[in-house]
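To be precise, the following lines are structure.pdb, and they hold PDB, C-alpha atoms and all ligand atoms.
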ATOM      1  CA  MET A  19      -8.584 -60.701 -45.195
ATOM      2  CA  ASN A  20     -12.129 -60.713 -43.779
ATOM      3  CA  ALA A  21     -12.807 -64.278 -42.643
ATOM      4  CA  PRO A  22     -16.455 -64.953 -41.852
ATOM      5  CA  THR A  23     -17.034 -64.985 -38.130
ATOM      6  CA  LYS A  24     -20.719 -65.764 -37.683
ATOM      7  CA  PRO A  25     -22.052 -69.245 -38.633
ATOM      8  CA  GLU A  26     -24.760 -67.853 -40.947
ATOM      9  CA  GLU A  27     -22.067 -66.326 -43.143
ATOM     10  CA  PHE A  28     -20.964 -69.865 -44.041
ATOM     11  CA  ALA A  29     -24.474 -70.961 -45.042
ATOM     12  CA  PRO A  30     -25.184 -70.860 -48.795
ATOM     13  CA  LYS A  31     -27.480 -68.039 -49.823
ATOM     14  CA  ILE A  32     -30.993 -69.207 -50.760
ATOM     15  CA  PRO A  33     -32.031 -67.863 -54.185
ATOM     16  CA  ASP A  34     -34.983 -65.453 -54.290
ATOM     17  CA  GLY A  35     -38.430 -66.707 -55.220
ATOM     18  CA  VAL A  36     -38.027 -70.370 -54.230
ATOM     19  CA  PHE A  37     -39.101 -72.322 -51.179
ATOM     20  CA  ALA A  38     -36.410 -73.532 -48.784
ATOM     21  CA  GLU A  39     -37.844 -76.583 -46.981
ATOM     22  CA  THR A  40     -36.539 -78.807 -44.212
ATOM     23  CA  VAL A  41     -35.882 -82.522 -44.697
ATOM     24  CA  LEU A  42     -37.893 -84.549 -42.162
ATOM     25  CA  SER A  43     -36.928 -88.154 -42.960
ATOM     26  CA  VAL A  44     -34.889 -90.168 -45.431
ATOM     27  CA  GLU A  45     -35.235 -93.868 -46.255
ATOM     28  CA  HIS A  46     -32.743 -95.703 -48.444
ATOM     29  CA  TYR A  47     -34.133 -98.734 -50.285
ATOM     30  CA  THR A  48     -31.188 -99.869 -52.388
ATOM     31  CA  ASP A  49     -27.861 -98.460 -53.567
ATOM     32  CA  HIS A  50     -29.855 -96.725 -56.280
ATOM     33  CA  LEU A  51     -33.144 -95.700 -54.671
ATOM     34  CA  PHE A  52     -34.295 -93.597 -51.721
ATOM     35  CA  ARG A  53     -37.241 -91.564 -50.611
ATOM     36  CA  PHE A  54     -37.367 -88.445 -48.483
ATOM     37  CA  ARG A  55     -40.026 -86.351 -46.856
ATOM     38  CA  MET A  56     -39.797 -82.624 -46.225
ATOM     39  CA  THR A  57     -41.884 -79.772 -44.898
ATOM     40  CA  ARG A  58     -44.621 -78.399 -47.153
ATOM     41  CA  PRO A  59     -44.667 -74.616 -47.607
ATOM     42  CA  ALA A  60     -47.733 -72.938 -46.145
ATOM     43  CA  GLY A  61     -50.273 -72.386 -48.905
ATOM     44  CA  TYR A  62     -48.444 -74.615 -51.431
ATOM     45  CA  ARG A  63     -51.078 -76.249 -53.625
ATOM     46  CA  PHE A  64     -50.684 -79.011 -56.201
ATOM     47  CA  ARG A  65     -52.795 -81.718 -57.813
ATOM     48  CA  SER A  66     -51.926 -85.323 -56.979
ATOM     49  CA  GLY A  67     -49.702 -86.653 -59.799
ATOM     50  CA  GLU A  68     -47.977 -83.328 -60.580
ATOM     51  CA  PHE A  69     -44.241 -82.671 -60.404
ATOM     52  CA  ALA A  70     -42.129 -79.901 -58.910
ATOM     53  CA  MET A  71     -38.614 -78.601 -59.510
ATOM     54  CA  ILE A  72     -36.487 -79.715 -56.572
ATOM     55  CA  GLY A  73     -32.990 -78.462 -55.942
ATOM     56  CA  LEU A  74     -29.970 -78.014 -53.737
ATOM     57  CA  MET A  75     -27.312 -75.369 -53.457
ATOM     58  CA  VAL A  76     -24.193 -76.960 -54.906
ATOM     59  CA  GLY A  77     -21.359 -74.618 -54.094
ATOM     60  CA  ASP A  78     -22.916 -71.217 -54.643
ATOM     61  CA  LYS A  79     -25.247 -72.369 -57.431
ATOM     62  CA  PRO A  80     -28.704 -73.967 -57.200
ATOM     63  CA  ILE A  81     -29.243 -77.167 -59.234
ATOM     64  CA  TYR A  82     -32.812 -78.269 -59.948
ATOM     65  CA  ARG A  83     -34.416 -81.366 -61.435
ATOM     66  CA  ALA A  84     -38.055 -82.258 -62.028
ATOM     67  CA  TYR A  85     -39.452 -84.599 -59.394
ATOM     68  CA  SER A  86     -42.939 -86.032 -59.200
ATOM     69  CA  ILE A  87     -44.499 -85.271 -55.851
ATOM     70  CA  ALA A  88     -45.095 -88.727 -54.359
ATOM     71  CA  SER A  89     -47.333 -87.591 -51.512
ATOM     72  CA  PRO A  90     -51.034 -86.886 -52.073
ATOM     73  CA  SER A  91     -52.373 -83.334 -52.232
ATOM     74  CA  TRP A  92     -53.929 -83.570 -48.727
ATOM     75  CA  ASP A  93     -50.657 -84.512 -46.978
ATOM     76  CA  GLU A  94     -49.064 -81.945 -44.641
ATOM     77  CA  GLU A  95     -45.608 -83.047 -45.774
ATOM     78  CA  LEU A  96     -44.084 -83.554 -49.236
ATOM     79  CA  GLU A  97     -42.581 -86.889 -50.284
ATOM     80  CA  PHE A  98     -40.216 -87.666 -53.160
ATOM     81  CA  PHE A  99     -38.816 -90.951 -54.507
ATOM     82  CA  SER A 100     -35.431 -90.662 -56.171
ATOM     83  CA  ILE A 101     -32.717 -92.586 -57.899
ATOM     84  CA  LYS A 102     -29.079 -92.086 -56.923
ATOM     85  CA  VAL A 103     -26.754 -91.465 -59.830
ATOM     86  CA  PRO A 104     -23.087 -91.505 -58.742
ATOM     87  CA  ASP A 105     -22.163 -88.482 -60.893
ATOM     88  CA  GLY A 106     -25.685 -87.077 -61.290
ATOM     89  CA  PRO A 107     -25.463 -83.272 -60.972
ATOM     90  CA  LEU A 108     -28.265 -83.258 -58.383
ATOM     91  CA  THR A 109     -28.743 -86.822 -57.117
ATOM     92  CA  SER A 110     -25.068 -87.312 -56.234
ATOM     93  CA  HIS A 111     -25.700 -84.594 -53.614
ATOM     94  CA  LEU A 112     -29.368 -85.229 -52.887
ATOM     95  CA  GLN A 113     -28.693 -88.835 -51.866
ATOM     96  CA  LYS A 114     -26.661 -87.514 -48.910
ATOM     97  CA  ILE A 115     -29.381 -85.339 -47.362
ATOM     98  CA  LYS A 116     -30.278 -85.848 -43.710
ATOM     99  CA  PRO A 117     -33.150 -84.669 -41.527
ATOM    100  CA  GLY A 118     -32.703 -80.964 -40.820
ATOM    101  CA  ASP A 119     -31.056 -80.194 -44.189
ATOM    102  CA  THR A 120     -32.540 -77.652 -46.593
ATOM    103  CA  VAL A 121     -34.019 -78.605 -49.980
ATOM    104  CA  LEU A 122     -35.091 -75.966 -52.495
ATOM    105  CA  MET A 123     -38.346 -76.128 -54.428
ATOM    106  CA  ARG A 124     -39.532 -73.828 -57.201
ATOM    107  CA  LYS A 125     -42.975 -72.384 -56.618
ATOM    108  CA  LYS A 126     -45.029 -73.826 -59.463
ATOM    109  CA  PRO A 127     -45.980 -77.519 -59.743
ATOM    110  CA  THR A 128     -47.159 -78.857 -63.105
ATOM    111  CA  GLY A 129     -47.784 -82.099 -65.002
ATOM    112  CA  THR A 130     -50.152 -84.206 -67.072
ATOM    113  CA  LEU A 131     -50.637 -87.258 -64.824
ATOM    114  CA  VAL A 132     -53.690 -85.759 -63.191
ATOM    115  CA  LEU A 133     -57.222 -87.079 -62.896
ATOM    116  CA  ASP A 134     -58.580 -83.974 -64.648
ATOM    117  CA  ALA A 135     -56.806 -85.017 -67.862
ATOM    118  CA  LEU A 136     -58.848 -88.242 -68.122
ATOM    119  CA  THR A 137     -62.426 -88.686 -69.229
ATOM    120  CA  PRO A 138     -64.642 -90.722 -66.891
ATOM    121  CA  GLY A 139     -64.081 -94.488 -66.878
ATOM    122  CA  LYS A 140     -64.377 -97.530 -64.634
ATOM    123  CA  ARG A 141     -60.874 -98.909 -64.375
ATOM    124  CA  LEU A 142     -57.714 -96.817 -64.068
ATOM    125  CA  TYR A 143     -54.388 -98.373 -65.053
ATOM    126  CA  MET A 144     -51.197 -96.720 -63.830
ATOM    127  CA  PHE A 145     -48.194 -98.171 -65.678
ATOM    128  CA  SER A 146     -44.802 -97.466 -64.106
ATOM    129  CA  THR A 147     -41.191 -98.582 -64.240
ATOM    130  CA  GLY A 148     -38.525 -97.709 -61.658
ATOM    131  CA  THR A 149     -39.017 -94.290 -60.036
ATOM    132  CA  GLY A 150     -41.902 -93.744 -62.461
ATOM    133  CA  ILE A 151     -44.067 -95.050 -59.618
ATOM    134  CA  ALA A 152     -43.704 -91.674 -57.814
ATOM    135  CA  PRO A 153     -46.691 -89.778 -59.272
ATOM    136  CA  PHE A 154     -48.828 -92.861 -58.674
ATOM    137  CA  ALA A 155     -47.683 -93.002 -55.044
ATOM    138  CA  SER A 156     -49.470 -89.663 -54.829
ATOM    139  CA  LEU A 157     -52.581 -90.678 -56.784
ATOM    140  CA  ILE A 158     -53.186 -94.006 -55.015
ATOM    141  CA  ARG A 159     -53.250 -92.113 -51.706
ATOM    142  CA  ASP A 160     -55.775 -89.552 -52.975
ATOM    143  CA  PRO A 161     -59.441 -90.308 -52.171
ATOM    144  CA  GLU A 162     -60.512 -88.571 -55.409
ATOM    145  CA  THR A 163     -58.960 -91.425 -57.424
ATOM    146  CA  TYR A 164     -61.422 -93.831 -55.812
ATOM    147  CA  GLU A 165     -64.357 -91.458 -56.224
ATOM    148  CA  LYS A 166     -63.682 -91.410 -59.958
ATOM    149  CA  PHE A 167     -62.761 -95.081 -60.551
ATOM    150  CA  GLU A 168     -64.188 -98.390 -59.384
ATOM    151  CA  GLU A 169     -60.889-100.189 -59.820
ATOM    152  CA  VAL A 170     -57.305 -98.921 -59.755
ATOM    153  CA  ILE A 171     -54.471-101.085 -61.101
ATOM    154  CA  LEU A 172     -50.912 -99.939 -60.474
ATOM    155  CA  THR A 173     -48.234-101.842 -62.384
ATOM    156  CA  HIS A 174     -44.623-101.458 -61.295
ATOM    157  CA  THR A 175     -41.776-103.109 -63.181
ATOM    158  CA  CYS A 176     -38.155-102.976 -62.061
ATOM    159  CA  ARG A 177     -35.003-104.841 -62.866
ATOM    160  CA  GLU A 178     -34.689-106.369 -59.384
ATOM    161  CA  VAL A 179     -36.998-107.417 -56.545
ATOM    162  CA  ALA A 180     -35.418-105.033 -53.989
ATOM    163  CA  GLU A 181     -36.525-102.117 -56.173
ATOM    164  CA  LEU A 182     -40.182-103.076 -55.743
ATOM    165  CA  LYS A 183     -40.188-102.385 -51.993
ATOM    166  CA  TYR A 184     -41.375 -98.783 -52.187
ATOM    167  CA  GLY A 185     -44.549 -99.982 -53.946
ATOM    168  CA  PHE A 186     -45.140-102.744 -51.385
ATOM    169  CA  ASP A 187     -44.670-100.233 -48.548
ATOM    170  CA  LEU A 188     -47.214 -97.884 -50.091
ATOM    171  CA  VAL A 189     -49.882-100.567 -50.181
ATOM    172  CA  GLU A 190     -49.099-101.549 -46.568
ATOM    173  CA  GLU A 191     -49.327 -97.917 -45.522
ATOM    174  CA  ILE A 192     -52.729 -97.551 -47.172
ATOM    175  CA  LYS A 193     -53.980-100.737 -45.495
ATOM    176  CA  ASN A 194     -52.946 -99.415 -42.096
ATOM    177  CA  HIS A 195     -54.121 -95.853 -42.651
ATOM    178  CA  GLU A 196     -57.107 -94.829 -40.574
ATOM    179  CA  PHE A 197     -59.231 -93.231 -43.293
ATOM    180  CA  LEU A 198     -57.557 -94.355 -46.552
ATOM    181  CA  SER A 199     -57.979 -98.053 -45.771
ATOM    182  CA  GLU A 200     -61.736 -97.637 -45.784
ATOM    183  CA  ILE A 201     -61.880 -95.451 -48.896
ATOM    184  CA  VAL A 202     -59.539 -97.697 -50.892
ATOM    185  CA  GLY A 203     -60.989-101.013 -49.665
ATOM    186  CA  ASP A 204     -60.202-103.653 -52.281
ATOM    187  CA  LYS A 205     -60.294-101.222 -55.223
ATOM    188  CA  LEU A 206     -56.498-100.970 -55.501
ATOM    189  CA  LYS A 207     -54.365-103.719 -57.052
ATOM    190  CA  LEU A 208     -50.587-103.516 -57.218
ATOM    191  CA  TYR A 209     -49.066-105.671 -59.964
ATOM    192  CA  SER A 210     -45.287-105.819 -59.543
ATOM    193  CA  THR A 211     -42.900-107.547 -61.935
ATOM    194  CA  VAL A 212     -39.154-107.801 -62.398
ATOM    195  CA  THR A 213     -37.109-108.358 -65.524
ATOM    196  CA  ARG A 214     -33.646-109.369 -64.362
ATOM    197  CA  GLU A 215     -34.168-111.667 -61.386
ATOM    198  CA  ASP A 216     -36.205-114.722 -60.460
ATOM    199  CA  TYR A 217     -39.607-113.776 -59.106
ATOM    200  CA  PRO A 218     -43.123-115.215 -59.442
ATOM    201  CA  PHE A 219     -44.137-112.256 -61.653
ATOM    202  CA  GLN A 220     -41.722-111.522 -64.448
ATOM    203  CA  GLY A 221     -41.491-109.506 -67.616
ATOM    204  CA  ARG A 222     -41.801-106.076 -69.152
ATOM    205  CA  ILE A 223     -45.281-104.606 -68.890
ATOM    206  CA  THR A 224     -45.411-104.257 -72.681
ATOM    207  CA  ASP A 225     -44.877-108.006 -73.119
ATOM    208  CA  LEU A 226     -47.425-108.785 -70.407
ATOM    209  CA  ILE A 227     -49.995-106.650 -72.232
ATOM    210  CA  ASP A 228     -49.129-108.316 -75.556
ATOM    211  CA  ASN A 229     -49.404-111.878 -74.268
ATOM    212  CA  GLY A 230     -52.429-111.123 -72.072
ATOM    213  CA  LYS A 231     -50.767-112.348 -68.861
ATOM    214  CA  LEU A 232     -51.404-109.015 -67.105
ATOM    215  CA  PHE A 233     -55.155-109.367 -67.624
ATOM    216  CA  ALA A 234     -55.248-113.097 -66.881
ATOM    217  CA  ASP A 235     -53.332-112.598 -63.613
ATOM    218  CA  LEU A 236     -55.662-109.777 -62.552
ATOM    219  CA  GLY A 237     -58.821-111.496 -63.733
ATOM    220  CA  VAL A 238     -59.925-108.561 -65.884
ATOM    221  CA  PRO A 239     -60.801-108.361 -69.593
ATOM    222  CA  GLY A 240     -58.296-106.815 -72.048
ATOM    223  CA  LEU A 241     -58.000-103.040 -72.548
ATOM    224  CA  ASP A 242     -61.237-101.410 -73.651
ATOM    225  CA  PRO A 243     -61.573 -97.673 -74.386
ATOM    226  CA  ALA A 244     -65.180 -97.773 -73.190
ATOM    227  CA  VAL A 245     -64.184 -98.450 -69.582
ATOM    228  CA  ASP A 246     -60.391 -98.338 -69.199
ATOM    229  CA  ARG A 247     -58.206 -95.282 -68.603
ATOM    230  CA  GLY A 248     -54.416 -95.189 -68.401
ATOM    231  CA  MET A 249     -51.502 -93.191 -67.070
ATOM    232  CA  ILE A 250     -47.891 -94.010 -67.958
ATOM    233  CA  CYS A 251     -44.637 -93.006 -66.266
ATOM    234  CA  GLY A 252     -41.217 -94.465 -67.013
ATOM    235  CA  SER A 253     -38.212 -94.116 -69.310
ATOM    236  CA  ALA A 254     -38.644 -92.551 -72.759
ATOM    237  CA  ALA A 255     -38.564 -95.990 -74.407
ATOM    238  CA  MET A 256     -41.089 -97.423 -71.941
ATOM    239  CA  LEU A 257     -43.448 -94.463 -72.500
ATOM    240  CA  LYS A 258     -43.295 -94.886 -76.249
ATOM    241  CA  ASP A 259     -43.797 -98.648 -76.193
ATOM    242  CA  THR A 260     -46.599 -98.631 -73.604
ATOM    243  CA  LYS A 261     -48.382 -95.762 -75.366
ATOM    244  CA  GLU A 262     -48.288 -97.852 -78.543
ATOM    245  CA  ARG A 263     -50.114-100.697 -76.745
ATOM    246  CA  LEU A 264     -52.839 -98.371 -75.445
ATOM    247  CA  GLU A 265     -53.318 -96.806 -78.859
ATOM    248  CA  ARG A 266     -53.510-100.230 -80.454
ATOM    249  CA  ALA A 267     -56.315-101.044 -77.990
ATOM    250  CA  GLY A 268     -58.166 -97.922 -79.201
ATOM    251  CA  LEU A 269     -57.384 -95.477 -76.367
ATOM    252  CA  THR A 270     -56.463 -91.898 -77.295
ATOM    253  CA  GLU A 271     -54.016 -89.613 -75.517
ATOM    254  CA  GLY A 272     -55.298 -86.689 -73.479
ATOM    255  CA  ALA A 273     -53.879 -83.568 -71.866
ATOM    256  CA  ASN A 274     -54.853 -81.038 -69.222
ATOM    257  CA  ASN A 275     -56.724 -78.920 -71.765
ATOM    258  CA  LYS A 276     -58.118 -81.911 -73.656
ATOM    259  CA  PRO A 277     -59.072 -84.801 -71.369
ATOM    260  CA  SER A 278     -59.107 -88.213 -73.025
ATOM    261  CA  GLU A 279     -58.399 -91.878 -72.305
ATOM    262  CA  PHE A 280     -54.718 -91.938 -71.290
ATOM    263  CA  VAL A 281     -51.895 -89.579 -70.341
ATOM    264  CA  ILE A 282     -48.114 -89.941 -70.158
ATOM    265  CA  GLU A 283     -45.240 -88.255 -68.341
ATOM    266  CA  ARG A 284     -41.502 -88.812 -68.443
ATOM    267  CA  ALA A 285     -39.939 -90.325 -65.329
ATOM    268  CA  PHE A 286     -37.749 -87.646 -63.897
ATOM    269  CA  VAL A 287     -34.260 -88.820 -63.265
ATOM    270  CA  GLY A 288     -31.223 -87.141 -61.824
TER     271      GLY A 288
HETATM  272  P1  LIG B 301     -35.417-104.634 -68.900
HETATM  273  O1  LIG B 301     -34.678-105.150 -67.708
HETATM  274  O2  LIG B 301     -35.915-105.711 -69.801
HETATM  275  O3  LIG B 301     -34.660-103.564 -69.635
HETATM  276  P2  LIG B 301     -34.613 -98.975 -66.642
HETATM  277  O4  LIG B 301     -33.930 -98.947 -65.298
HETATM  278  O5  LIG B 301     -33.714 -99.339 -67.781
HETATM  279  O6  LIG B 301     -35.449 -97.753 -66.907
HETATM  280  O7  LIG B 301     -35.645-100.182 -66.529
HETATM  281  C1  LIG B 301     -36.625-100.266 -65.542
HETATM  282  C2  LIG B 301     -37.556-101.374 -65.926
HETATM  283  O8  LIG B 301     -38.267-101.006 -67.124
HETATM  284  C3  LIG B 301     -36.826-102.654 -66.244
HETATM  285  O9  LIG B 301     -37.543-103.726 -65.696
HETATM  286  C4  LIG B 301     -36.801-102.682 -67.760
HETATM  287  O10 LIG B 301     -36.781-103.957 -68.328
HETATM  288  C5  LIG B 301     -38.122-102.018 -68.079
HETATM  289  N1  LIG B 301     -38.098-101.410 -69.424
HETATM  290  C6  LIG B 301     -37.046-100.801 -70.033
HETATM  291  N2  LIG B 301     -37.379-100.383 -71.257
HETATM  292  C7  LIG B 301     -38.663-100.723 -71.447
HETATM  293  C8  LIG B 301     -39.566-100.567 -72.545
HETATM  294  N3  LIG B 301     -39.209 -99.968 -73.684
HETATM  295  N4  LIG B 301     -40.826-101.032 -72.386
HETATM  296  C9  LIG B 301     -41.200-101.650 -71.248
HETATM  297  N5  LIG B 301     -40.387-101.839 -70.201
HETATM  298  C10 LIG B 301     -39.134-101.386 -70.279
END
Let's see the structure in the file written out as structure tokens.
Ligand code: A2P
Amino acid sequence: MNAPTKPEEFAPKIPDGVFAETVLSVEHYTDHLFRFRMTRPAGYRFRSGEFAMIGLMVGDKPIYRAYSIASPSWDEELEFFSIKVPDGPLTSHLQKIKPGDTVLMRKKPTGTLVLDALTPGKRLYMFSTGTGIAPFASLIRDPETYEKFEEVILTHTCREVAELKYGFDLVEEIKNHEFLSEIVGDKLKLYSTVTREDYPFQGRITDLIDNGKLFADLGVPGLDPAVDRGMICGSAAMLKDTKERLERAGLTEGANNKPSEFVIERAFVG
């Protein structure tokens, strides 16, 4: 029997044609949520809001899932925000990564939650639930968002307060960032609500649109296709129900090849 003798013979083989990147940091928020940052391949280009296929070697097979890139396009590193599913084919392994580990990434990013898919407007709403905040974590840190819109409203709804922390951290980071703080100024508003715990701001975003509380709390008029643009990222049911509200307000859905007043993307879960 030929037992492997050199350490590299134990290492899983990296498939051809994908990037193999190094994990730089990992932060666990709750039992169900974590974020990690990894190296960015030289020459890797993407538009803020797009997603990539991220994977790990599990045994001798790579497993990939779609993940929104949470870092902005100018960042030297790549950031991802993930759920942990106990028997998720990828996340059950991904949740255990540590700095120095290897994460695979397919070469081509894609997605519809990009500024190019929207026609010009004044106010940009980003509606998210759970890890659906990830593409917006990218867009709210991109100066182009603030060149194109006078006001940016990010809504984040989770079941519990602890799940909102990633969003709060993002806003803090922007405030303390040397050049972003100036560019963003007071244009960005984060509106965070929970549905299954006591908190000053409660309720599903769909209900808060219906009863007008979202607009009253923010001090803005109701949705208006003349000035408002939207992006939606969450579960399939949340996408459908939020899209319905925007359409009822007269906004029409756009795409990369046909920019319009709002765009949607599924939240990518493990
Ligand atoms: P709720 O607690 O009332 O179900 P999930 O983890 O199930 O994706 O939920 C994340 C958040 O999105 C929860 O606060 C949940 O509220 C909310 N949510 C779930 N379904 C919808 C929907 N169809 N429209 C709006 N919000 C939703």
Using atom CA of A:Gln220 and atom CA of A:Phe52 as the two end points, give the distance in Å to one decimal. 23.2 Å
Shell of 12 Å around stretch 191-196 of chain A, all atoms listed in the file, local chain residues under 4 positions omitted, as a PyMOL selection string: chain A and resi 90+155-161+184-187+200-208
List the neighbours of A:Pro277 out to 9 Å using only C-alpha atoms; skip same-chain residues closer than 3 positions along the sequence, and give me the result as a list of chain:residue names. A:Leu133, A:Asp134, A:Ala135, A:Leu136, A:Thr137, A:Glu271, A:Gly272, A:Ala273, A:Asn274, A:Phe280, A:Val281
Neighbourhood query: residues within 10 Å of (-34.9, -103.2, -54.9), file coordinates, counting all atoms listed in the file; return as a list in words. Tyr47, Thr48, Asp49, His50, Leu51, Gly148, Cys176, Arg177, Glu178, Val179, Ala180, Glu181, Leu182, Lys183, Tyr184 and Val212 of chain A
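Pairwise distance (atom CA of A:Glu262, atom O4 of ligand LIG 301 (chain B)) equals 19.6 Å.
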Report as a PyMOL selection string the full result of the PyMOL selection byres (((chain A and resi 270) around 10) and not hetatm) when it is applied to this structure. chain A and resi 243+247-248+261+264-269+271-272+277-281
Residues selected by the PyMOL selection byres (((chain A and resi 88) around 12) and not hetatm), written as a ChimeraX atom specification: /A:53-56,64-70,85-87,89-93,95-100,131,149-160,184-185,188
Please produce stretch 194-210 of chain A, completed to N, CA and C atoms, as a PDB file, in the coordinates of the input.
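Final file, part07.pdb:
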ATOM      1  N   ASN A 194     -52.998 -99.758 -43.520  1.00  0.00           N
ATOM      2  CA  ASN A 194     -52.946 -99.415 -42.096  1.00  0.00           C
ATOM      3  C   ASN A 194     -53.394 -97.995 -41.795  1.00  0.00           C
ATOM      4  N   HIS A 195     -53.775 -97.262 -42.855  1.00  0.00           N
ATOM      5  CA  HIS A 195     -54.121 -95.853 -42.651  1.00  0.00           C
ATOM      6  C   HIS A 195     -55.561 -95.717 -42.181  1.00  0.00           C
ATOM      7  N   GLU A 196     -55.777 -94.859 -41.191  1.00  0.00           N
ATOM      8  CA  GLU A 196     -57.107 -94.829 -40.574  1.00  0.00           C
ATOM      9  C   GLU A 196     -58.243 -94.500 -41.541  1.00  0.00           C
ATOM     10  N   PHE A 197     -58.091 -93.486 -42.404  1.00  0.00           N
ATOM     11  CA  PHE A 197     -59.231 -93.231 -43.293  1.00  0.00           C
ATOM     12  C   PHE A 197     -59.038 -93.774 -44.706  1.00  0.00           C
ATOM     13  N   LEU A 198     -57.776 -93.857 -45.187  1.00  0.00           N
ATOM     14  CA  LEU A 198     -57.557 -94.355 -46.552  1.00  0.00           C
ATOM     15  C   LEU A 198     -57.956 -95.821 -46.705  1.00  0.00           C
ATOM     16  N   SER A 199     -57.701 -96.619 -45.659  1.00  0.00           N
ATOM     17  CA  SER A 199     -57.979 -98.053 -45.771  1.00  0.00           C
ATOM     18  C   SER A 199     -59.447 -98.281 -46.113  1.00  0.00           C
ATOM     19  N   GLU A 200     -60.304 -97.474 -45.538  1.00  0.00           N
ATOM     20  CA  GLU A 200     -61.736 -97.637 -45.784  1.00  0.00           C
ATOM     21  C   GLU A 200     -62.121 -97.162 -47.187  1.00  0.00           C
ATOM     22  N   ILE A 201     -61.566 -96.021 -47.581  1.00  0.00           N
ATOM     23  CA  ILE A 201     -61.880 -95.451 -48.896  1.00  0.00           C
ATOM     24  C   ILE A 201     -61.367 -96.363 -50.012  1.00  0.00           C
ATOM     25  N   VAL A 202     -60.162 -96.888 -49.847  1.00  0.00           N
ATOM     26  CA  VAL A 202     -59.539 -97.697 -50.892  1.00  0.00           C
ATOM     27  C   VAL A 202     -60.151 -99.106 -50.918  1.00  0.00           C
ATOM     28  N   GLY A 203     -60.401 -99.670 -49.735  1.00  0.00           N
ATOM     29  CA  GLY A 203     -60.989-101.013 -49.665  1.00  0.00           C
ATOM     30  C   GLY A 203     -60.212-101.984 -50.529  1.00  0.00           C
ATOM     31  N   ASP A 204     -60.931-102.728 -51.399  1.00  0.00           N
ATOM     32  CA  ASP A 204     -60.202-103.653 -52.281  1.00  0.00           C
ATOM     33  C   ASP A 204     -60.157-103.127 -53.722  1.00  0.00           C
ATOM     34  N   LYS A 205     -60.299-101.803 -53.869  1.00  0.00           N
ATOM     35  CA  LYS A 205     -60.294-101.222 -55.223  1.00  0.00           C
ATOM     36  C   LYS A 205     -58.904-101.156 -55.844  1.00  0.00           C
ATOM     37  N   LEU A 206     -57.867-101.140 -54.998  1.00  0.00           N
ATOM     38  CA  LEU A 206     -56.498-100.970 -55.501  1.00  0.00           C
ATOM     39  C   LEU A 206     -55.797-102.311 -55.656  1.00  0.00           C
ATOM     40  N   LYS A 207     -55.196-102.521 -56.859  1.00  0.00           N
ATOM     41  CA  LYS A 207     -54.365-103.719 -57.052  1.00  0.00           C
ATOM     42  C   LYS A 207     -52.985-103.279 -57.505  1.00  0.00           C
ATOM     43  N   LEU A 208     -51.965-103.789 -56.815  1.00  0.00           N
ATOM     44  CA  LEU A 208     -50.587-103.516 -57.218  1.00  0.00           C
ATOM     45  C   LEU A 208     -50.076-104.747 -57.942  1.00  0.00           C
ATOM     46  N   TYR A 209     -49.591-104.559 -59.169  1.00  0.00           N
ATOM     47  CA  TYR A 209     -49.066-105.671 -59.964  1.00  0.00           C
ATOM     48  C   TYR A 209     -47.592-105.395 -60.227  1.00  0.00           C
ATOM     49  N   SER A 210     -46.726-106.103 -59.493  1.00  0.00           N
ATOM     50  CA  SER A 210     -45.287-105.819 -59.543  1.00  0.00           C
ATOM     51  C   SER A 210     -44.551-106.923 -60.282  1.00  0.00           C
TER      52      SER A 210
END
